[in-house]
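Below is one structure, written out as structure tokens; comments come after it.
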Amino acid sequence: MTPAAVAFASGAALLQLQAALPSLLWAGVLPLLLGLAIWRRAFLVLFFLAAGFLWAAAWAHWRIADRLAPELEGRDLEVVGVVSSLPTSGASPRFELEPEAAGVRLPRKLLVTWYDAASPVHPGERWLFTLRLRRPHGLVNPHGFDYEAWLLERGIGATGYVRSKPEPKKVGSRNGFLDRIEQLREAVRERFLGTLGATPAAGILAALAIGDQRSISGEEWRLFNRTGVTHLMSISGLHVTLVSGLAAWLVALGWRRSSALALRLAARKSAAAAAIAAALGYTLLSGFAVPAQRTFWMVTVVAAALWSGRIASPWRTLALALGVVVLADPWAPLAPGLWLSFGAVALMFYVAAGWTSAGPRLAQWGRMQWAITLGLAPAALLLFGQVSLAGPLANAIAIPVVSVIVTPLALLAAILPFDFLLTFSSFLVEWLLQFLEWCAALPLALWQSHAPAPWTVPLALAGAAWMLAPRGLPWRAGGVALMAPAFALAPPAPGHGEAWITVFDVGQGLAVLARTSSRVLLYDTGPAFGPEADSGSRVVVPALRGAGLTRVDLMVLTHQDADHVGGAVSVLESLEVAAIASSLAAEHPLHALAAARRRCRAGERWQWDGVRFAFLHPPAAAREARRNDQSCVLRIDTDGGSMLLTGDIERISEERLVGEKKLDSTDILLVPHHGSRSSSSPEFIAALKPRYAIVPVGYRSRFGHPAPGVLDRYRAAGAQLLRTDIDGAATVRLGDAGLSVQAERRGRGRYWLQ
């Protein structure tokens with residue numbers, strides 16, 4: 001059974017690596033494979049591998065078909081629907097909506113934001129909204145978060161927002177079982193916030209009790225990441241397991257004391273049933289979140305094995321649990337939490353295999369923490385690009401405090417109307433935050449490194465297993481040699497005379513990374529997305545760290561529009577930036593964060609590693625009336641090709657550059673001002689004769705970028721067009737061998753991105 005379960009999970013994981021969905025007609029091979037498996041048992045693994053692949057494919061076909069029809073994007077649609085999830089708190093709530101009547105076919109689930117909501121929104125309410133919807137779409141960048149995969153896994157077929165006119169109307173309510181669960185979660189959150197106020201402890205306790213992670217601020221999440229305790233600050237697998245285990249222990253303890261009950265049903269079986277019930281209840285309280293669902297299925301498999309008395313092998317039970325989790329959620333292999341959770345459990349089995357009951361418990365606990373940190377380090381490096389070296393110390397205190405004390409107290413506080421439970425829990429959380437801040441301040445608390453090459457990760461995992469093997473296995477230190485490539489092998493980098501340039505997909509904005517063999521230039525930093533999120537922290541910094549870059553030699557800020565400098569603070573706080581060149585006013589606050597600063601001026605030239613750079617605009621003596629025309633224009637030349645970065649210049653600047661004969665033909669052009677009709681004049685395009693034109697633009701831009709007439713002009717000039725909203729980030733390589741251009745969506749090769 002173990003190989004079959006692993007094969008099924010592997011088949012589902014294989015489907016998630018495909019660039020296109022296979023035809024379901026391939027299901028016809030399953031009877032043939034089943035016949036072969038009956039004839040020769042060796043074919044059983046192949047049958048389950050194919051079954052897992054086709055099971056995931058069938059679900060994927062159904063989910064993809066449930067997306068919003070393209071012709072409905074951008075239209076005002078009157079929709080009657082039910083609020084089916086706990087809305088975010090604040091003036092602009094975000095919530096899931098299940099449409100009931102719309103006059104057109106809509107997906108089963110929508111993710112909706114009501115900006116500056118005129119009325120509070122509660123779970124189970126039925127509303128008449130006028131919605132503006134779009135198909136699932138996210139930013140696609142190197143080492144970036146895959147938002148479209150996240151939406152797909154959760155079954156969300158469209159995102160959008162509520163139109164203020166006509167005014168939304170509440171038209172009733174629905175009081176189904178899940179609606180009442182969501183209403184209970186909302187009542188708990190409001191009570192926590194009402195009692196404790198908008199404090200970090202209130203948000204953390206709400207996350208632990210009802211799974212509302214959105215109540216935790218970005219500052220706290222950064223602290224948890226740095227100290228390696230992120231997994232504890234939500235309804236994680238550990239918490240669900242502990243709650244179910246506590247319920248099982250209490251029921252078994254009471255069951256054995258009743259002869260009548262014990263004669264009717266064995267205490268072991270009653271404990272197994274209690275574990276399933278407790279896990280289900282806690283999972284429902286979390287909003288039936290996908291990570292908690294996975295743990296529920298794991299607990300159910302283990303409890304069923306205890307009920308049947310067939311839990312002979314922990315490895316077999318773990319494999320069966322993996323198969324059941326993937327059966328319930330074919331997208332589970334996309335979630336880092338799945339591999340980290342199963343990996344941690346597998347490591348505990350592996351390390352404890354040779355233990356005896358003798359020996360100090362503290363020493364065994366320390367060894368377990370060391371084993372989990374070392375064993376999961378390669379996976380954490382691949383998934384997150386960092387390993388918390390302070391994690392073992394932080395978790396040694398945080399795990400018992402959060403899981404054994406704070407979480408049960410938070411659950412009791414959610415059920416019982418005693419404020420002292422919340423007050424005491426809040427005191428413990430505040431104390432824990434102070435301890436974590438101390439851990440985070442330790443030298444080398446967080447080790448950040450480049451993303452390892454995929455082929456090095458299995459080697460590193462094998463090396464970790466070798467190092468953690470039971471005593472007696474020779475040369476255990478030799479595992480270091482297998483782990484070394486993942487940590488020490490540097491990512492590819494440009495050679496001398498080469499330039500690698502990435503135009504990031506940041507939505508409505510601009511951010512470009514240019515690399516030579518030893519230098520890094522950042523041209524704008526993209527927009528801010530909200531008070532605690534911007535393209536610097538979400539896009540630029542992860543991409544640089546994934547490539548093994550920790551320093552920016554020159555940051556060029558073309559002009560002070562928010563969609564070009566909104567991510568600058570995050571970059572300056574996260575990376576070493578040697579200098580800034582900009583057209584910003586002298587009093588601009590970003591200057592105070594720069595080690596060195598200067599104005600970008602036409603005529604300035606320099607060379608890095610055989611690559612030539614030159615500012616073509618703005619003129620040294622001119623201050624343009626329009627902010628866009630203050631943009632720094634940068635040309636990058638190699639022996640194998642060139643690229644012109646244009647910022648947001650408009651026709652007046654284009655005419656000046658053409659008239660002053662500063663423009664030579666270029667291979668790659670970053671299209672000015674996101675393809676606005678106020679830029680890209682015919683004379684400008686004719687002077688440059690670009691082979692490729694890259695348009696940095698947001699999906700369904702509210703400004704109408706890029707203008708159709710502008711795109712037609714580039715096509716007529718023979719330029720091949722790439723758009724970040726359609727193609728994702730675009731990576732250009734210039735060098736002696738010529739040039740190449742790669743689009744991130746096509747290069748990543750996943751069916752939901754095509």
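Residues in the structure tokens are named by chain (A, B, ... in the order shown) and by number from 1 within that chain; ligands are numbered from 1 in the order shown.
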Can you list, as an mmCIF file with N, CA and C atoms, in the first residue's frame, every residue of region 38-110 of chain A that DSSP puts in helix (DSSP H, G or I)?
data_model
loop_
_atom_site.group_PDB
_atom_site.id
_atom_site.type_symbol
_atom_site.label_atom_id
_atom_site.label_comp_id
_atom_site.auth_asym_id
_atom_site.auth_seq_id
_atom_site.Cartn_x
_atom_site.Cartn_y
_atom_site.Cartn_z
ATOM 1 N N ILE A 38 -3.019 -6.515 -12.212
ATOM 2 C CA ILE A 38 -3.549 -7.791 -11.721
ATOM 3 C C ILE A 38 -2.686 -8.949 -12.213
ATOM 4 N N TRP A 39 -2.180 -8.798 -13.438
ATOM 5 C CA TRP A 39 -1.352 -9.862 -14.013
ATOM 6 C C TRP A 39 0.041 -9.889 -13.378
ATOM 7 N N ARG A 41 2.154 -7.795 -10.372
ATOM 8 C CA ARG A 41 2.037 -6.817 -9.291
ATOM 9 C C ARG A 41 2.977 -5.624 -9.485
ATOM 10 N N ALA A 42 4.037 -5.822 -10.243
ATOM 11 C CA ALA A 42 4.996 -4.742 -10.462
ATOM 12 C C ALA A 42 4.359 -3.555 -11.176
ATOM 13 N N PHE A 43 3.257 -3.793 -11.919
ATOM 14 C CA PHE A 43 2.596 -2.710 -12.646
ATOM 15 C C PHE A 43 1.648 -1.903 -11.753
ATOM 16 N N LEU A 44 1.490 -2.310 -10.471
ATOM 17 C CA LEU A 44 0.557 -1.623 -9.586
ATOM 18 C C LEU A 44 0.986 -0.171 -9.351
ATOM 19 N N VAL A 45 2.273 0.035 -9.175
ATOM 20 C CA VAL A 45 2.779 1.394 -8.946
ATOM 21 C C VAL A 45 2.511 2.265 -10.167
ATOM 22 N N LEU A 46 2.711 1.710 -11.362
ATOM 23 C CA LEU A 46 2.452 2.466 -12.592
ATOM 24 C C LEU A 46 0.979 2.831 -12.699
ATOM 25 N N PHE A 47 0.093 1.914 -12.305
ATOM 26 C CA PHE A 47 -1.338 2.198 -12.343
ATOM 27 C C PHE A 47 -1.692 3.363 -11.427
ATOM 28 N N PHE A 48 -1.184 3.363 -10.190
ATOM 29 C CA PHE A 48 -1.513 4.441 -9.257
ATOM 30 C C PHE A 48 -0.845 5.752 -9.661
ATOM 31 N N LEU A 49 0.317 5.685 -10.272
ATOM 32 C CA LEU A 49 0.952 6.907 -10.778
ATOM 33 C C LEU A 49 0.060 7.556 -11.840
ATOM 34 N N ALA A 50 -0.432 6.742 -12.781
ATOM 35 C CA ALA A 50 -1.318 7.257 -13.822
ATOM 36 C C ALA A 50 -2.647 7.725 -13.233
ATOM 37 N N ALA A 51 -3.153 6.993 -12.238
ATOM 38 C CA ALA A 51 -4.416 7.380 -11.616
ATOM 39 C C ALA A 51 -4.295 8.737 -10.933
ATOM 40 N N GLY A 52 -3.196 8.965 -10.215
ATOM 41 C CA GLY A 52 -2.989 10.261 -9.577
ATOM 42 C C GLY A 52 -2.865 11.385 -10.586
ATOM 43 N N PHE A 53 -2.158 11.123 -11.677
ATOM 44 C CA PHE A 53 -1.978 12.130 -12.729
ATOM 45 C C PHE A 53 -3.319 12.505 -13.346
ATOM 46 N N LEU A 54 -4.126 11.513 -13.677
ATOM 47 C CA LEU A 54 -5.406 11.778 -14.344
ATOM 48 C C LEU A 54 -6.456 12.322 -13.374
ATOM 49 N N TRP A 55 -6.385 11.919 -12.105
ATOM 50 C CA TRP A 55 -7.288 12.485 -11.102
ATOM 51 C C TRP A 55 -7.047 13.991 -10.968
ATOM 52 N N ALA A 56 -5.769 14.381 -10.872
ATOM 53 C CA ALA A 56 -5.436 15.804 -10.785
ATOM 54 C C ALA A 56 -5.814 16.528 -12.072
ATOM 55 N N ALA A 57 -5.648 15.870 -13.220
ATOM 56 C CA ALA A 57 -6.002 16.491 -14.500
ATOM 57 C C ALA A 57 -7.503 16.750 -14.589
ATOM 58 N N ALA A 58 -8.305 15.803 -14.114
ATOM 59 C CA ALA A 58 -9.757 15.982 -14.164
ATOM 60 C C ALA A 58 -10.184 17.178 -13.310
ATOM 61 N N TRP A 59 -9.627 17.283 -12.113
ATOM 62 C CA TRP A 59 -9.935 18.425 -11.250
ATOM 63 C C TRP A 59 -9.483 19.728 -11.904
ATOM 64 N N ALA A 60 -8.302 19.711 -12.510
ATOM 65 C CA ALA A 60 -7.770 20.927 -13.131
ATOM 66 C C ALA A 60 -8.645 21.375 -14.300
ATOM 67 N N HIS A 61 -9.099 20.430 -15.118
ATOM 68 C CA HIS A 61 -10.003 20.781 -16.221
ATOM 69 C C HIS A 61 -11.269 21.448 -15.684
ATOM 70 N N TRP A 62 -11.794 20.907 -14.607
ATOM 71 C CA TRP A 62 -13.028 21.449 -14.036
ATOM 72 C C TRP A 62 -12.796 22.857 -13.488
ATOM 73 N N ARG A 63 -11.685 23.053 -12.765
ATOM 74 C CA ARG A 63 -11.404 24.373 -12.192
ATOM 75 C C ARG A 63 -11.132 25.406 -13.286
ATOM 76 N N ILE A 64 -10.379 25.038 -14.297
ATOM 77 C CA ILE A 64 -10.076 25.985 -15.372
ATOM 78 C C ILE A 64 -11.365 26.372 -16.111
ATOM 79 N N ALA A 65 -12.259 25.391 -16.294
ATOM 80 C CA ALA A 65 -13.526 25.682 -16.977
ATOM 81 C C ALA A 65 -14.432 26.581 -16.143
ATOM 82 N N PRO A 70 -13.883 35.346 -20.818
ATOM 83 C CA PRO A 70 -13.133 36.566 -21.180
ATOM 84 C C PRO A 70 -14.019 37.736 -21.571
ATOM 85 N N GLU A 71 -15.142 37.468 -22.223
ATOM 86 C CA GLU A 71 -15.986 38.580 -22.687
ATOM 87 C C GLU A 71 -16.690 39.296 -21.542
ATOM 88 N N LEU A 72 -16.663 38.726 -20.327
ATOM 89 C CA LEU A 72 -17.303 39.380 -19.184
ATOM 90 C C LEU A 72 -16.341 40.266 -18.398
#
List as a short mmCIF file (atom, residue, chain, number, x, y, z; two decimals) with N, CA and C atoms, in the first residue's frame the protein and nucleic acid residues near Gly536 (chain A), meaning an atom at most 6 Å away when only C-alpha atoms are counted, but skip any in the same chain fewer than 4 places from it.
data_model
loop_
_atom_site.label_atom_id
_atom_site.label_comp_id
_atom_site.auth_asym_id
_atom_site.auth_seq_id
_atom_site.Cartn_x
_atom_site.Cartn_y
_atom_site.Cartn_z
N THR A 525 11.64 50.98 -9.03
CA THR A 525 11.33 49.93 -8.06
C THR A 525 9.86 49.55 -8.02
N VAL A 540 10.94 42.72 -6.27
CA VAL A 540 12.35 43.03 -6.54
C VAL A 540 13.29 42.30 -5.58
N VAL A 541 13.06 42.43 -4.28
CA VAL A 541 13.97 41.82 -3.31
C VAL A 541 14.00 40.30 -3.43
N GLY A 567 8.36 51.07 -4.39
CA GLY A 567 9.06 49.98 -3.72
C GLY A 567 10.46 50.32 -3.25
N SER A 570 11.52 49.65 0.59
CA SER A 570 11.73 48.23 0.90
C SER A 570 13.08 47.75 0.39
N VAL A 571 13.46 48.19 -0.81
CA VAL A 571 14.76 47.78 -1.36
C VAL A 571 15.89 48.38 -0.52
#
Any idea what's packed within 10 Å of Arg598 (chain A), counting only C-alpha atoms, ignoring anything in its chain fewer than 6 positions away? Could you give it as a compact mmCIF listing (two decimals) with all heavy atoms, in the first residue's frame?
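Once written, out_33.txt looks like this:
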# COMPACT_ATOMS: atom_id res chain seq x y z
N VAL A 556 18.60 53.66 -10.00
CA VAL A 556 18.14 54.79 -10.80
C VAL A 556 16.65 54.96 -10.56
O VAL A 556 15.87 54.03 -10.82
CB VAL A 556 18.43 54.57 -12.30
CG1 VAL A 556 17.90 55.75 -13.11
CG2 VAL A 556 19.91 54.37 -12.54
N ALA A 579 24.53 53.69 -4.21
CA ALA A 579 24.26 55.06 -4.67
C ALA A 579 22.92 55.11 -5.38
O ALA A 579 22.42 54.11 -5.90
CB ALA A 579 25.37 55.52 -5.62
N ILE A 580 22.35 56.31 -5.39
CA ILE A 580 21.11 56.59 -6.12
C ILE A 580 21.37 57.69 -7.14
O ILE A 580 22.00 58.70 -6.82
CB ILE A 580 19.98 57.04 -5.17
CG1 ILE A 580 19.50 55.87 -4.31
CG2 ILE A 580 18.80 57.61 -5.95
CD1 ILE A 580 18.40 56.24 -3.33
N ALA A 581 20.92 57.46 -8.37
CA ALA A 581 20.90 58.51 -9.39
C ALA A 581 19.44 58.74 -9.76
O ALA A 581 18.72 57.78 -10.05
CB ALA A 581 21.70 58.10 -10.62
N SER A 582 18.98 59.99 -9.72
CA SER A 582 17.55 60.24 -9.91
C SER A 582 17.32 61.64 -10.44
O SER A 582 18.22 62.47 -10.52
CB SER A 582 16.81 60.07 -8.58
OG SER A 582 17.05 61.19 -7.74
N SER A 583 16.04 61.88 -10.77
CA SER A 583 15.60 63.23 -11.09
C SER A 583 14.71 63.77 -9.98
O SER A 583 13.98 64.75 -10.18
CB SER A 583 14.83 63.23 -12.43
OG SER A 583 13.63 62.48 -12.28
N LEU A 584 14.76 63.16 -8.81
CA LEU A 584 13.91 63.58 -7.70
C LEU A 584 14.34 64.94 -7.18
O LEU A 584 15.51 65.33 -7.26
CB LEU A 584 13.99 62.56 -6.56
CG LEU A 584 13.64 61.10 -6.89
CD1 LEU A 584 13.79 60.23 -5.65
CD2 LEU A 584 12.24 60.99 -7.46
N ALA A 586 15.47 67.76 -4.57
CA ALA A 586 16.52 67.66 -3.56
C ALA A 586 15.95 67.33 -2.18
O ALA A 586 16.63 66.67 -1.37
CB ALA A 586 17.31 68.97 -3.51
N HIS A 591 16.17 60.52 -0.43
CA HIS A 591 17.58 60.89 -0.40
C HIS A 591 18.21 60.61 0.97
O HIS A 591 19.40 60.31 1.06
CB HIS A 591 17.76 62.37 -0.77
CG HIS A 591 17.51 62.66 -2.21
ND1 HIS A 591 18.01 61.88 -3.23
CD2 HIS A 591 16.81 63.65 -2.82
CE1 HIS A 591 17.63 62.38 -4.40
NE2 HIS A 591 16.90 63.45 -4.18
Mind checking which residues fall within 9 Å of His564 (chain A), counting only C-alpha atoms, ignoring those fewer than 3 positions away in the same chain, and posting them as JSON, numbers by chain? {"A": [509, 510, 511, 523, 524, 525, 526, 527, 528, 557, 558, 559, 560, 561, 567, 568, 647]}
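Atom pair CA of Leu411 (chain A) / CA of Val83 (chain A) has a distance of 24.8 Å (rounded to one decimal).
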What lies within 10 Å of Gly218 (chain A) using only C-alpha atoms, ignoring chain neighbours under 6 positions off, as number ranges by chain? A: 224, 531-533
Run DSSP on the backbone and give me the residues of region 54-218 of chain A it puts in strand (DSSP E), as a PyMOL selection string. chain A and resi 76-83+94-101+110-113+125-134+158-162+169-173
Which is closer to Asp609 (chain A) than all the others in A:Arg316, A:His496, A:Arg257, A:His450, using only C-alpha atoms? A:His496
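From CA of Leu139 (chain A) back to CA of Pro542 (chain A), the distance works out to 13.0 Å.
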From the list A:Cys632, A:Glu498, A:Ala578, A:Ala484, the nearest residue to Leu521 (chain A) using only C-alpha atoms is A:Ala578
Which of these residues is nearest to Glu98 (chain A), using only C-alpha atoms: A:Arg126, A:Lys662, A:Arg612, A:Arg551? A:Arg126
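Take CA of Ala717 (chain A) and CA of Val503 (chain A): the distance between them is 21.8 Å.
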For Val732 (chain A), find every residue with an atom within 12 Å (counting only C-alpha atoms), except residues of its own chain fewer than 3 positions away, and show them as JSON, numbers by chain. {"A": [494, 498, 499, 500, 501, 502, 503, 504, 512, 513, 514, 515, 636, 640, 641, 642, 643, 644, 667, 668, 669, 670, 692, 693, 694, 722, 729, 735, 738, 739, 740, 741, 742, 743, 744]}
Can you work out which one of A:Val633, A:Val6, A:Leu482, A:Ala737 has the shortest atom-to-atom distance to Leu327 (chain A), counting only C-alpha atoms? A:Val6
